[in-house]
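Okay, so here's the structure we're looking at.
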Amino acid sequence: MALPKYTETRYRVWHYSYLVICTAVFFFLIAPLFVIIPLSFNAEQYIHFSDGMLALQPEAFSLRWYEDMIYGTKNPWGIAARNSIYYAFFSTIGATILGTVAALGLSSRYMPYKQLIMSILISPMIIPLIISGSAIFFSLAKLGLAATFPGIVIAHIILGTPFVVITVTATLSGFDDSITRAASSLGSTPTNTFFKITLPLITPGIISGALFAFVTSFDEIVVILFVAGGDRNLTTIPLQMWTGLREQLSPTIMAVATCLIILSTLILIVTELLRRRSERIRGISAQ
Amino acid sequence: MPSEIRTSDGELLSVKLKKVERRRRTTAFLLAAPLLFFIIFAYLIPIFQMLGRSIDNVQMHEFLSDTHDVMQTWDGSEMPGEDVTSTFFYELKGLVEEKNHGKIATRLNYEKGGFTSLIKKTARKLDDFDENANFLDQFIDVHKKWGDIEYWLALKRGTDAYHYRKYLTTFDFEQKYDGSIERIPEKKRINVTLWLRTIFVAAGVTFCCFLLAYPISHLLSVLPTRYSNLLMICVLLPFWTSLLVRTSSWMVLLQKQGVLNDTLVSLGIVADEGRLELMYNMTGTFIAMTQILLPFMVLPLYSVMKTIPPSLMRAATSMGATPFHAFRKIYFPLTYAGISAGSILVFVLSIGYYITPALVGGAKGTLISNRIAYHMQQSLDWSLATAMATVLLIAVLIVYWLYNKIVGIDNMRLG
């Protein structure tokens with residue numbers, strides 16, 4: 001991004017102000033996340049940077065809020081974490097299988113009413129969550145599944161499938177059909193071709209779709225507000241944070257939030273590795 | 001003749017080809033079918049059923065069907081006759097025996113305030129009624145509100161099997177008992193304000209996201225990969241981080257005793273007594289939503305800008321265009337696809353936003369979704385909640401239809 005020597009002053013000024021603007025926007029994006037991390041190590045009960053923290057005195061920092069998160073009396077975070085993981089795990093499996101199979105059909109050249117079906121399949125992503133939440137609640141209540149484990153998993157499968165459908169369809173759109181034709185011409189059965197050729201090639205797309213489904217379920221708050229119906233044994237991390245934030249901003253929430261930021265960093269690394277792998281498989285150099 | 005060509009098993013090629021194509025169409029459809037039916041039955045049909053509640057009053061109609069029938073001949077210009085009052089008496093008595101009068105009290109209370117206590121008090125006194133005396137007088141003896149004709153008119157109207165009045169309420173209109181439609185008194189108007197605020201916030205957030213996303217997407221697309229990958233973390237880390245974490249970080253920042261105010265005070269920019277009110281109002285909702293939705297604008301813009309060859313701008317400047325002119329005439333038009341994709345995505349997401357406004361917005365910064373949730377969970381006026389939800393859904397579908405026209409769903413990419 002170095003400027004050539006002959007650049008006029010006004011363009012030079014413009015160029016540097018452009019870089020300053022960009023830095024400011026990047027700061028605006030990322031800084032709020034990093035405010036939380038030091039505050040979770042606060043020794044005091046208040047959510048602000050104490051004088052001791054600013055002076056970097058060791059006694060101003062502590063792990064007490066992490067202790068409170070794990071061992072605190074009547075602490076809901078353990079149940080919440082277990083539930084969140086269970087819901088996310090089962091709904092990811094459901095959403096990934098249903099979504100991948102549907103994406104295979106949708107990517108076929110012969111798919112009838114492609115546009116219409118695609119619109120229907122991704123509608124849970126488009127329709128405002130408040131509408132989805134109440135509608136799913138009413139239908140689950142009719143089946144007697146509201147505020148039950150299977151009910152919540154079904155709700156999360158509905159919300160997760162559009163992401164799987166979109167990512168897997170995108171992967172398949174770059175898929176070279178001549179590879180599968182080559183396999184068939186060499187005598188492979190369609191099933192064999194699918195498992196030996198197609199599936200390994202689209203696996204990065206499926207995993208990244210599954211990751212989307214997992215995060216969708218793990219972070220989901222609006223629908224579960226309706227579907228869990230206030231049952232404390234069905235609570236999740238987001239639900240618990242929501243309840244906590246409505247009452248008061250406690251340092252324990254900051255500790256939980258820090259753990260979630262670490263989790264999202266891990267997810268980011270996984271997606272980046274997947275992207276590189278997918279590019280390498282398709283013969284594009286990842287640099 | 002081409003029609004004579006046959007396959008190895010002796011079938012006409014054209015026939016065989018059609019067969020194969022049909023089989024492939026069926027296979028493709030069968031693959032999509034499980035998810036399609038799952039979404040339709042577990043999701044779309046429930047949505048339509050729920051939205052049907054906005055006009056549905058069948059239960060009330062059935063509870064008081066005889067009264068409703070008798071009232072059809074009553075024109076409402078004077079107090080109802082004994083035919084109406086006696087029918088209502090017997091029907092209400094039946095409802096009290098089945099313990100259903102609470103339901104009608106709640107529903108009628110949405111028609112006209114005061115009905116809850118009116119029905120409950122009347123229900124307790126029903127056994128004291130003399131069935132040979134004048135029913136209207138006895139009703140009035142129990143509660144003087146029965147002497148007000150408006151309660152009888154509300155009863156007539158409240159037992160229609162279907163109604164569209166909740167849609168009027170959605171936009172702060174009401175239907176008078178003579179059938180005319182008027183705006184409700186100024187003090188009670190709240191919904192129109194909320195709709196306008198929602199649209200204003202959605203449009204404003206979309207515009208701010210565009211302004212902020214454009215320069216950084218451009219920078220990301222022109223930097224060498226190893227730098228841009230690093231900077232991309234600034235976009236993707238918030239993207240993958242839980243919404244509640246990001247909302248709580250804004251609460252920490254924007255509170256009156258929060259980090260932002262603390263910094264401003266310690267820098268001496270604002271006085272300790274003059275701390276800024278950044279939260280529990282529109283400002284907070286606006287700032288937080290812009291930051292939270294920004295990645296949804298950056299990602300489509302970036303993917304479009306990445307495909308624009310830098311040689312185009314060089315060609316334009318070499319032919320004498322100033323950099324500004326080259327940008328306006330060459331570069332900017334090439335990014336339209338990314339701008340529309342990002343804008344529509346951000347707009348659709350922000351128009352239905354619920355969590356962030358509820359936590360950061362306070363009373364002055366809530367949006368229409370919060371109002372829907374309020375009617376769903378607290379006031380329990382489901383007809384009104386679903387009427388509002390229907391209007392919101394229609395608005396979102398229009399934007400979505402535009403998206404499909406301009407960008408195409410097939411081109412939707414994530415991350």
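Ordered as shown in the structure tokens, chains take letters A, B, and onward, while each chain numbers its residues from 1 and ligands are numbered from 1 in the order shown.
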Could the residues of chain A that have an atom at most 6 Å from chain B be listed as CSV, each with its closest atom pair and the distance in Å to one decimal, counting only C-alpha atoms and ordered by chain and ascending residue number?
residue,atom,partner,partner_atom,distance
A:Cys22,CA,B:Ile216,CA,5.3
A:Ile30,CA,B:Cys234,CA,5.4
A:Pro32,CA,B:Ser249,CA,5.7
A:Leu98,CA,B:Leu35,CA,5.6
A:Val101,CA,B:Leu31,CA,5.6
A:Ala102,CA,B:Ala32,CA,3.8
A:Gly105,CA,B:Ala28,CA,4.1
A:Tyr110,CA,B:Arg25,CA,4.8
A:Met111,CA,B:Ala28,CA,5.3
A:Pro128,CA,B:Gly352,CA,4.9
A:Ala135,CA,B:Ile47,CA,5.0
A:Ser139,CA,B:Pro46,CA,5.7
A:Asp219,CA,B:Ser242,CA,5.5
A:Ala257,CA,B:Val245,CA,5.3
A:Ser264,CA,B:Thr241,CA,5.3
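One distance worth recording is that between CA of Met79 in chain B and CA of Ile149 in chain B, which is 5.9 Å.
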Test item: residues at most 10 Å from Ile190 in chain B, only C-alpha atoms, excluding those fewer than 3 positions along its chain, as a VMD selection string: chain B and resid 169 to 172 184 186 to 187 193 to 195 371
Put those residues in a file: N, CA and C atoms, as a CSV table (one decimal), in the first residue's frame.
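New file part37.csv:
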chain,number,residue,atom,x,y,z
B,169,THR,N,-55.6,-1.6,15.2
B,169,THR,CA,-54.8,-1.2,16.4
B,169,THR,C,-53.3,-1.2,16.2
B,170,THR,N,-52.8,-2.1,15.3
B,170,THR,CA,-51.4,-2.1,15.0
B,170,THR,C,-50.9,-0.8,14.5
B,171,PHE,N,-51.8,-0.1,13.8
B,171,PHE,CA,-51.4,1.3,13.3
B,171,PHE,C,-52.1,2.4,14.1
B,172,ASP,N,-52.5,2.1,15.3
B,172,ASP,CA,-53.1,3.1,16.2
B,172,ASP,C,-54.4,3.7,15.6
B,184,ILE,N,-56.7,6.7,17.3
B,184,ILE,CA,-57.0,6.7,18.7
B,184,ILE,C,-56.4,7.9,19.3
B,186,GLU,N,-54.3,10.8,21.1
B,186,GLU,CA,-52.9,11.0,20.9
B,186,GLU,C,-52.1,10.4,22.0
B,187,LYS,N,-52.6,10.4,23.3
B,187,LYS,CA,-51.8,9.9,24.4
B,187,LYS,C,-51.6,8.4,24.3
B,193,THR,N,-45.4,5.0,16.4
B,193,THR,CA,-44.1,5.4,16.9
B,193,THR,C,-43.1,4.3,16.8
B,194,LEU,N,-43.5,3.1,17.2
B,194,LEU,CA,-42.6,1.9,17.2
B,194,LEU,C,-42.3,1.5,15.8
B,195,TRP,N,-43.3,1.5,15.0
B,195,TRP,CA,-43.1,1.1,13.6
B,195,TRP,C,-42.1,2.0,12.9
B,371,ARG,N,-42.3,-5.2,21.3
B,371,ARG,CA,-43.7,-5.0,21.5
B,371,ARG,C,-44.5,-6.3,21.3
Separation of CA of Ala210 in chain A from CA of Ala95 in chain A in Å: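 According to the coordinates, CA of Ala95 in chain A and CA of Ala210 in chain A are separated by 7.5 Å.
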Backbone DSSP call of alpha helix (DSSP H) for range 13-186 of chain A, listed as number ranges by chain: A: 13-40, 51-54, 64-71, 77-106, 114-126, 129-142, 149-173, 177-185
Contact residues around range 58-64 of chain B with only C-alpha atoms at 8 Å, ignoring same-chain residues under 6 positions, as a count of residues only: 11
Between CA of Thr236 in chain A and CA of Ser84 in chain A, distance in Å (one decimal): 5.0 Å
Residues within 12 Å of Asp178 in chain B, only C-alpha atoms, excluding chain neighbours under 6 positions, as a PyMOL selection string: chain B and resi 75-77+150+153-154+157
Test item: residues at most 6 Å from range 228-230 of chain A, only C-alpha atoms, excluding those fewer than 3 positions along its chain, as a PDB file with C-alpha atoms, in the first residue's frame:
ATOM      1  CA  ALA A 147     -40.457 -27.235  27.491  1.00  0.00           C
ATOM      2  CA  ILE A 224     -35.557 -20.853  23.561  1.00  0.00           C
ATOM      3  CA  LEU A 225     -37.106 -18.017  25.565  1.00  0.00           C
TER       4      LEU A 225
END
Contacts of Thr335 in chain B within 9 Å, only C-alpha atoms, excl. fewer than 4 positions in-chain, as a PyMOL selection string: chain B and resi 301+304-305+308+331+339-340
Nearest to Ala363 in chain B, chosen from B:Met279, B:Phe207, B:Thr85, B:Gln175, with only C-alpha atoms counted in the distances: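 Among the listed residues, B:Met279 lies closest to Ala363 in chain B.
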